[in-house]
>>> print(open('run_25.txt').read())   # compact mmCIF, C-alpha atoms
# COMPACT_ATOMS: atom_id res chain seq x y z
CA GLN W 1 15.58 -1.15 9.21
CA MET W 2 18.31 -3.49 10.37
CA ASN W 3 21.20 -4.49 8.15
CA TYR W 4 23.54 -7.47 8.26
CA ALA W 5 26.56 -7.38 5.94
CA LEU W 6 27.30 -10.63 4.11
CA GLY W 7 30.37 -9.04 2.57
CA ARG W 8 31.64 -5.65 1.42
CA LYS W 9 28.91 -5.27 -1.21
CA LEU W 10 25.97 -7.47 -0.16
CA THR W 11 23.71 -6.75 2.83
CA VAL W 12 20.60 -8.52 4.12
CA THR W 13 17.95 -6.14 5.42
CA ALA W 14 14.90 -6.52 7.63
CA GLY W 15 12.69 -4.01 9.34
CA LEU W 16 9.29 -2.73 10.29
CA HIS W 17 7.28 -0.30 8.16
CA VAL W 18 4.13 1.52 9.11
CA THR W 19 2.45 3.03 6.06
CA TYR W 20 -0.50 5.38 5.65
CA SER W 21 -1.97 6.05 2.22
CA GLY W 22 -5.24 7.53 1.10
CA TYR W 23 -7.20 9.55 -1.39
CA ASN W 24 -10.44 11.55 -1.54
CA ILE W 25 -13.53 10.89 -3.64
CA ILE W 26 -15.81 13.80 -4.50
CA SER W 27 -19.38 12.51 -4.38
CA ASN W 28 -22.85 13.83 -3.62
CA ASP W 29 -24.77 13.49 -0.37
CA ILE W 30 -27.94 11.82 -1.64
CA HIS W 31 -31.20 10.71 -0.09
CA PRO W 32 -30.60 7.24 1.44
CA THR W 33 -30.94 4.67 -1.31
CA PHE W 34 -30.33 0.98 -1.91
CA ALA W 35 -27.19 0.02 -3.79
CA THR W 36 -26.06 -3.45 -4.81
CA LEU W 37 -22.83 -5.25 -5.46
CA VAL W 38 -22.72 -8.36 -7.59
CA LEU W 39 -19.95 -10.44 -6.07
CA LYS W 40 -18.45 -13.78 -7.07
CA ASN W 41 -17.85 -16.66 -4.68
CA PRO W 42 -14.15 -17.51 -5.26
CA LYS W 43 -14.72 -21.23 -4.52
CA THR W 44 -17.86 -21.90 -6.59
CA HIS W 45 -17.44 -19.02 -9.10
CA LEU W 46 -21.17 -18.33 -8.73
CA ASP W 47 -22.46 -14.77 -8.52
CA TYR W 48 -24.29 -13.49 -5.45
CA VAL W 49 -25.74 -10.09 -4.58
CA ASN W 50 -25.26 -7.94 -1.46
CA SER W 51 -27.53 -4.95 -0.89
CA TYR W 52 -26.55 -1.84 1.07
CA ILE W 53 -28.06 1.48 2.10
CA THR W 54 -25.87 4.40 1.09
CA HIS W 55 -25.86 8.19 1.36
CA TYR W 56 -23.21 8.77 -1.35
CA GLY W 57 -23.69 8.76 -5.09
CA ASP W 58 -22.76 10.34 -8.40
CA GLY W 59 -26.32 11.37 -9.25
CA THR W 60 -28.17 14.51 -8.27
CA GLY W 61 -27.57 15.18 -4.61
CA LEU W 62 -28.19 17.69 -1.91
CA VAL W 63 -24.60 18.85 -1.54
CA PRO W 64 -21.14 17.74 -2.75
CA VAL W 65 -19.25 15.74 -0.13
CA THR W 66 -15.70 14.42 0.12
CA ILE W 67 -15.34 10.82 1.27
CA ARG W 68 -11.93 9.47 2.21
CA ASN W 69 -10.46 6.09 1.38
CA TYR W 70 -7.40 5.27 3.45
CA SER W 71 -5.27 2.44 4.73
CA LEU W 72 -2.96 2.16 7.73
CA GLN W 73 -0.80 -0.92 7.49
CA SER W 74 2.21 -2.50 9.08
CA SER W 75 4.69 -4.70 7.25
CA LEU W 76 7.89 -6.66 7.78
CA PRO W 77 10.19 -6.16 4.77
CA ILE W 78 12.99 -8.69 4.23
CA GLY W 79 15.43 -8.06 1.40
CA ILE W 80 18.90 -7.45 0.10
CA GLN W 81 21.03 -4.44 -0.82
CA TYR W 82 23.95 -4.52 -3.19
CA ALA W 83 26.58 -1.78 -3.43
CA ILE W 84 27.19 -1.28 -7.15
CA VAL W 85 30.06 1.19 -6.78
CA GLY W 86 31.51 3.42 -4.11
CA ASN W 87 33.76 3.71 -1.11
CA ASP W 88 33.29 3.89 2.67
CA LYS W 89 31.73 7.37 2.47
CA VAL W 90 29.54 7.34 -0.69
CA LYS W 91 27.92 4.36 -2.45
CA LEU W 92 25.47 3.70 -5.24
CA ASN W 93 23.19 0.87 -4.11
CA VAL W 94 20.40 -1.25 -5.50
CA ALA W 95 17.87 -2.85 -3.15
CA GLY W 96 14.87 -5.15 -3.30
CA ASP W 97 12.63 -6.79 -0.75
CA LEU W 98 9.50 -8.81 -0.11
CA GLU W 99 7.08 -7.20 2.29
CA PRO W 100 4.21 -9.14 3.92
CA SER W 101 1.70 -6.67 5.40
CA ILE W 102 -1.38 -6.50 7.59
CA ILE W 103 -4.08 -3.82 7.51
CA LEU W 104 -4.35 -2.14 10.92
CA ARG W 105 -7.13 0.26 10.01
CA SER W 106 -8.88 1.23 6.80
CA ASN W 107 -11.88 2.87 5.23
CA ALA W 108 -12.92 2.13 1.67
CA TYR W 109 -15.85 3.28 -0.40
CA ILE W 110 -16.26 1.21 -3.54
CA LEU W 111 -18.54 1.69 -6.54
CA SER W 112 -21.79 -0.21 -6.67
CA THR W 113 -22.23 -2.60 -9.58
CA ASP W 114 -24.24 -0.02 -11.56
CA GLY W 115 -21.50 2.59 -10.96
CA ASN W 116 -23.91 5.14 -9.47
CA ASN W 117 -23.27 4.89 -5.72
CA TYR W 118 -20.48 4.40 -3.20
CA ILE W 119 -20.69 1.54 -0.70
CA ASN W 120 -18.70 0.97 2.47
CA ASP W 121 -18.16 -2.72 3.35
CA PRO W 122 -15.09 -3.33 5.55
CA GLY W 123 -15.59 -7.09 5.14
CA LEU W 124 -14.44 -6.89 1.52
CA ILE W 125 -10.98 -5.55 2.40
CA ARG W 126 -8.11 -8.05 2.26
CA LYS W 127 -6.40 -7.92 5.69
CA LEU W 128 -3.15 -9.65 4.62
CA ASN W 129 -1.19 -8.78 1.50
CA MET W 130 2.27 -8.98 -0.07
CA SER W 131 4.34 -6.31 -1.77
CA SER W 132 7.73 -6.04 -3.45
CA ASN W 133 10.02 -3.03 -3.42
CA PHE W 134 12.86 -2.18 -5.76
CA GLY W 135 15.02 0.91 -5.68
CA ILE W 136 18.35 2.41 -6.49
CA PHE W 137 19.81 4.98 -4.14
CA ILE W 138 22.89 6.86 -3.08
CA SER W 139 24.06 6.42 0.49
CA PHE W 140 26.59 8.63 2.19
CA LYS W 141 27.96 8.87 5.69
CA SER W 142 28.61 11.91 7.79
CA SER W 143 30.39 11.72 11.13
CA ARG W 144 27.14 10.75 12.93
CA TYR W 145 24.56 9.62 10.36
CA LYS W 146 24.07 7.46 7.30
CA TRP W 147 21.85 9.10 4.67
CA GLN W 148 20.02 7.44 1.76
CA ILE W 149 18.15 9.00 -1.16
CA GLY W 150 16.88 7.66 -4.47
CA PRO W 151 13.87 6.47 -6.50
CA ASP W 152 11.82 3.50 -5.25
CA VAL W 153 9.03 1.39 -6.80
CA ARG W 154 6.55 -0.65 -4.75
CA TYR W 155 4.13 -3.21 -6.24
CA GLN W 156 1.25 -4.76 -4.27
CA TRP W 157 0.77 -8.38 -5.40
CA PHE W 158 -2.91 -8.77 -4.55
CA SER W 159 -5.89 -6.45 -4.86
CA THR W 160 -6.86 -4.42 -1.80
CA TYR W 161 -10.20 -6.22 -1.90
CA LYS W 162 -11.02 -9.90 -1.46
CA ALA W 163 -11.51 -12.16 -4.48
CA ASP W 164 -15.32 -11.79 -4.18
CA TYR W 165 -15.12 -8.20 -5.53
CA SER W 166 -14.88 -8.32 -9.32
CA ILE W 167 -12.84 -5.15 -9.83
CA LYS W 168 -9.15 -5.97 -9.50
CA GLU W 169 -6.54 -3.33 -9.00
CA HIS W 170 -2.82 -3.53 -9.56
CA LEU W 171 -1.31 -0.97 -7.21
CA ILE W 172 2.11 0.38 -8.01
CA ASP W 173 3.67 3.29 -6.15
CA TYR W 174 6.59 5.39 -7.33
CA GLY W 175 8.41 7.46 -4.81
CA ILE W 176 11.64 8.71 -3.33
CA ARG W 177 13.42 6.76 -0.62
CA ILE W 178 14.81 9.04 2.06
CA GLY W 179 16.52 7.47 5.03
CA ILE W 180 18.48 8.77 7.98
CA SER W 181 20.01 6.44 10.54
CA PRO W 182 22.56 6.86 13.32
CA PHE W 183 25.97 5.66 12.32
CA ARG W 184 27.76 3.24 14.63
CA LYS W 185 31.38 2.32 14.08
>>> encode(input="run_25.txt", output="structure tokens")
Amino acid sequence: QMNYALGRKLTVTAGLHVTYSGYNIISNDIHPTFATLVLKNPKTHLDYVNSYITHYGDGTGLVPVTIRNYSLQSSLPIGIQYAIVGNDKVKLNVAGDLEPSIILRSNAYILSTDGNNYINDPGLIRKLNMSSNFGIFISFKSSRYKWQIGPDVRYQWFSTYKADYSIKEHLIDYGIRIGISPFRK
């Protein structure tokens, strides 16, 4: 992250984030079967069907299997920080930014329309997205480093999947911001 002070309390920030997130789905390894997705053309609003062959389902299977959904993305956050109260050593800050992002690598298994099977179709993943971050944190300086810690909320504006996929998600992440940067006088 790079900072440019517009005054004693207001700072413009920009940076580069690389983010990895993921989760596991417990499914069953099943005999290869056909699964379908009913999708909607975002321009015509007409339904169309894609068929897939899958080995993963929620029905009776040979053996339980863990499948992993993950995303590796890069983003360029641009935002502002405002020092609510503090001195040169310790400050209470509030920060917010807009964060356009691009998917570098991903793997996503989604439910078939009947809800019985998992399908992998990389073409349904939205490659570009936009997020917003908001947080409040304490920053303090030692002789060599600036430290930051506090709660942070991130909201992804668009679904992970393209408009064709009917299930829309509204991803919101809660976390703790921890930052360490060299201090230059």
>>> closest_residue(input="run_25.txt", among="W:Gly123, W:Gly179, W:Gly7, W:Gly115", to="Lys146 in chain W", atoms="only C-alpha atoms")
W:Gly179
>>> atom_distance(input="run_25.txt", atom1="CA of Asn107 in chain W", atom2="CA of Gln1 in chain W")
28.0 Å
>>> residues_around(input="run_25.txt", residues="Ser74 in chain W", least_positions_apart="5", cutoff="7 Å", atoms="all atoms listed in the file", output="list in words")
His17, Val18, Thr19, Ser101, Ile102, Ile103 and Leu104 of chain W
>>> residues_around(input="run_25.txt", residues="range 174-176 of chain W", least_positions_apart="2", cutoff="10 Å", atoms="all atoms listed in the file", output="list in words")
Asn133, Phe134, Gly135, Ile136, Phe137, Gln148, Ile149, Gly150, Pro151, Asp152, Val153, Arg154, Tyr155, Ile172, Ile178 and Gly179 of chain W
>>> atom_distance(input="run_25.txt", atom1="CA of Asp58 in chain W", atom2="CA of Tyr23 in chain W")
17.1 Å
>>> atom_distance(input="run_25.txt", atom1="CA of Thr54 in chain W", atom2="CA of Phe158 in chain W")
27.1 Å
>>> residues_around(input="run_25.txt", residues="Arg68 in chain W", least_positions_apart="6", cutoff="9 Å", atoms="all atoms listed in the file", output="tab-separated table (two decimals) with C-alpha atoms, in the coordinates of the input")
chain	number	residue	atom	x	y	z
W	22	GLY	CA	-5.24	7.53	1.10
W	23	TYR	CA	-7.20	9.55	-1.39
W	24	ASN	CA	-10.44	11.55	-1.54
W	25	ILE	CA	-13.53	10.89	-3.64
W	26	ILE	CA	-15.81	13.80	-4.50
W	107	ASN	CA	-11.88	2.87	5.23
W	108	ALA	CA	-12.92	2.13	1.67
W	109	TYR	CA	-15.85	3.28	-0.40
>>> closest_residue(input="run_25.txt", among="W:Tyr118, W:Tyr48, W:Tyr165, W:Tyr20", to="Ile67 in chain W", atoms="all atoms listed in the file")
W:Tyr118
>>> residues_around(input="run_25.txt", residues="Asp29 in chain W", least_positions_apart="3", cutoff="8 Å", atoms="only C-alpha atoms", output="NGL selection string")
:W and (55-57 or 61-65)
>>> closest_residue(input="run_25.txt", among="W:Ser112, W:Ser21, W:Ser166, W:Gln73", to="Leu128 in chain W", atoms="all atoms listed in the file")
W:Gln73
>>> closest_residue(input="run_25.txt", among="W:Arg8, W:Arg144, W:Arg105, W:His45", to="Asn87 in chain W", atoms="all atoms listed in the file")
W:Arg8
>>> closest_residue(input="run_25.txt", among="W:Val49, W:Ile138, W:Leu76, W:Ile167", to="Leu37 in chain W", atoms="all atoms listed in the file")
W:Val49
>>> closest_residue(input="run_25.txt", among="W:Ile30, W:Val38, W:Val90, W:Asn129", to="Asp114 in chain W", atoms="only C-alpha atoms")
W:Val38
>>> residues_around(input="run_25.txt", residues="Lys43 in chain W", least_positions_apart="3", cutoff="12 Å", atoms="only C-alpha atoms", output="JSON, numbers by chain")
{"W": [40, 46, 47, 163, 164]}
>>> build_atoms(input="run_25.txt", residues="range 131-146 of chain W", atoms="N, CA, C and O atoms", output="PDB file, in the coordinates of the input")
ATOM      1  N   SER W 131       3.810  -7.315  -0.854  1.00  0.00           N
ATOM      2  CA  SER W 131       4.340  -6.310  -1.770  1.00  0.00           C
ATOM      3  C   SER W 131       5.810  -6.610  -2.060  1.00  0.00           C
ATOM      4  O   SER W 131       6.461  -7.361  -1.331  1.00  0.00           O
ATOM      5  N   SER W 132       6.302  -6.010  -3.107  1.00  0.00           N
ATOM      6  CA  SER W 132       7.730  -6.040  -3.450  1.00  0.00           C
ATOM      7  C   SER W 132       8.187  -4.610  -3.638  1.00  0.00           C
ATOM      8  O   SER W 132       7.449  -3.780  -4.154  1.00  0.00           O
ATOM      9  N   ASN W 133       9.402  -4.340  -3.228  1.00  0.00           N
ATOM     10  CA  ASN W 133      10.020  -3.030  -3.420  1.00  0.00           C
ATOM     11  C   ASN W 133      11.301  -3.191  -4.204  1.00  0.00           C
ATOM     12  O   ASN W 133      12.031  -4.172  -4.027  1.00  0.00           O
ATOM     13  N   PHE W 134      11.594  -2.217  -5.042  1.00  0.00           N
ATOM     14  CA  PHE W 134      12.860  -2.180  -5.760  1.00  0.00           C
ATOM     15  C   PHE W 134      13.277  -0.726  -5.861  1.00  0.00           C
ATOM     16  O   PHE W 134      12.466   0.151  -6.162  1.00  0.00           O
ATOM     17  N   GLY W 135      14.545  -0.470  -5.596  1.00  0.00           N
ATOM     18  CA  GLY W 135      15.020   0.910  -5.680  1.00  0.00           C
ATOM     19  C   GLY W 135      16.518   0.971  -5.907  1.00  0.00           C
ATOM     20  O   GLY W 135      17.256   0.007  -5.679  1.00  0.00           O
ATOM     21  N   ILE W 136      16.932   2.112  -6.345  1.00  0.00           N
ATOM     22  CA  ILE W 136      18.350   2.410  -6.490  1.00  0.00           C
ATOM     23  C   ILE W 136      18.563   3.720  -5.743  1.00  0.00           C
ATOM     24  O   ILE W 136      17.730   4.627  -5.821  1.00  0.00           O
ATOM     25  N   PHE W 137      19.628   3.791  -4.961  1.00  0.00           N
ATOM     26  CA  PHE W 137      19.810   4.980  -4.140  1.00  0.00           C
ATOM     27  C   PHE W 137      21.286   5.226  -3.857  1.00  0.00           C
ATOM     28  O   PHE W 137      22.117   4.335  -3.949  1.00  0.00           O
ATOM     29  N   ILE W 138      21.549   6.464  -3.498  1.00  0.00           N
ATOM     30  CA  ILE W 138      22.890   6.860  -3.080  1.00  0.00           C
ATOM     31  C   ILE W 138      22.889   6.905  -1.560  1.00  0.00           C
ATOM     32  O   ILE W 138      21.972   7.438  -0.937  1.00  0.00           O
ATOM     33  N   SER W 139      23.908   6.318  -0.965  1.00  0.00           N
ATOM     34  CA  SER W 139      24.060   6.420   0.490  1.00  0.00           C
ATOM     35  C   SER W 139      25.373   7.120   0.780  1.00  0.00           C
ATOM     36  O   SER W 139      26.364   6.926   0.071  1.00  0.00           O
ATOM     37  N   PHE W 140      25.355   7.962   1.787  1.00  0.00           N
ATOM     38  CA  PHE W 140      26.590   8.630   2.190  1.00  0.00           C
ATOM     39  C   PHE W 140      26.591   8.792   3.698  1.00  0.00           C
ATOM     40  O   PHE W 140      25.555   8.871   4.338  1.00  0.00           O
ATOM     41  N   LYS W 141      27.799   8.816   4.245  1.00  0.00           N
ATOM     42  CA  LYS W 141      27.960   8.870   5.690  1.00  0.00           C
ATOM     43  C   LYS W 141      28.572  10.197   6.104  1.00  0.00           C
ATOM     44  O   LYS W 141      29.526  10.669   5.498  1.00  0.00           O
ATOM     45  N   SER W 142      27.992  10.762   7.138  1.00  0.00           N
ATOM     46  CA  SER W 142      28.610  11.910   7.790  1.00  0.00           C
ATOM     47  C   SER W 142      29.267  11.358   9.052  1.00  0.00           C
ATOM     48  O   SER W 142      29.317  10.152   9.251  1.00  0.00           O
ATOM     49  N   SER W 143      29.724  12.206   9.916  1.00  0.00           N
ATOM     50  CA  SER W 143      30.390  11.720  11.130  1.00  0.00           C
ATOM     51  C   SER W 143      29.419  11.008  12.073  1.00  0.00           C
ATOM     52  O   SER W 143      29.822  10.161  12.850  1.00  0.00           O
ATOM     53  N   ARG W 144      28.113  11.323  11.987  1.00  0.00           N
ATOM     54  CA  ARG W 144      27.140  10.750  12.930  1.00  0.00           C
ATOM     55  C   ARG W 144      26.003   9.980  12.279  1.00  0.00           C
ATOM     56  O   ARG W 144      25.334   9.205  12.956  1.00  0.00           O
ATOM     57  N   TYR W 145      25.737  10.222  10.984  1.00  0.00           N
ATOM     58  CA  TYR W 145      24.560   9.620  10.360  1.00  0.00           C
ATOM     59  C   TYR W 145      24.874   9.000   9.013  1.00  0.00           C
ATOM     60  O   TYR W 145      25.792   9.421   8.312  1.00  0.00           O
ATOM     61  N   LYS W 146      24.054   8.016   8.634  1.00  0.00           N
ATOM     62  CA  LYS W 146      24.070   7.460   7.300  1.00  0.00           C
ATOM     63  C   LYS W 146      22.803   7.959   6.607  1.00  0.00           C
ATOM     64  O   LYS W 146      21.712   7.839   7.148  1.00  0.00           O
TER      65      LYS W 146
END
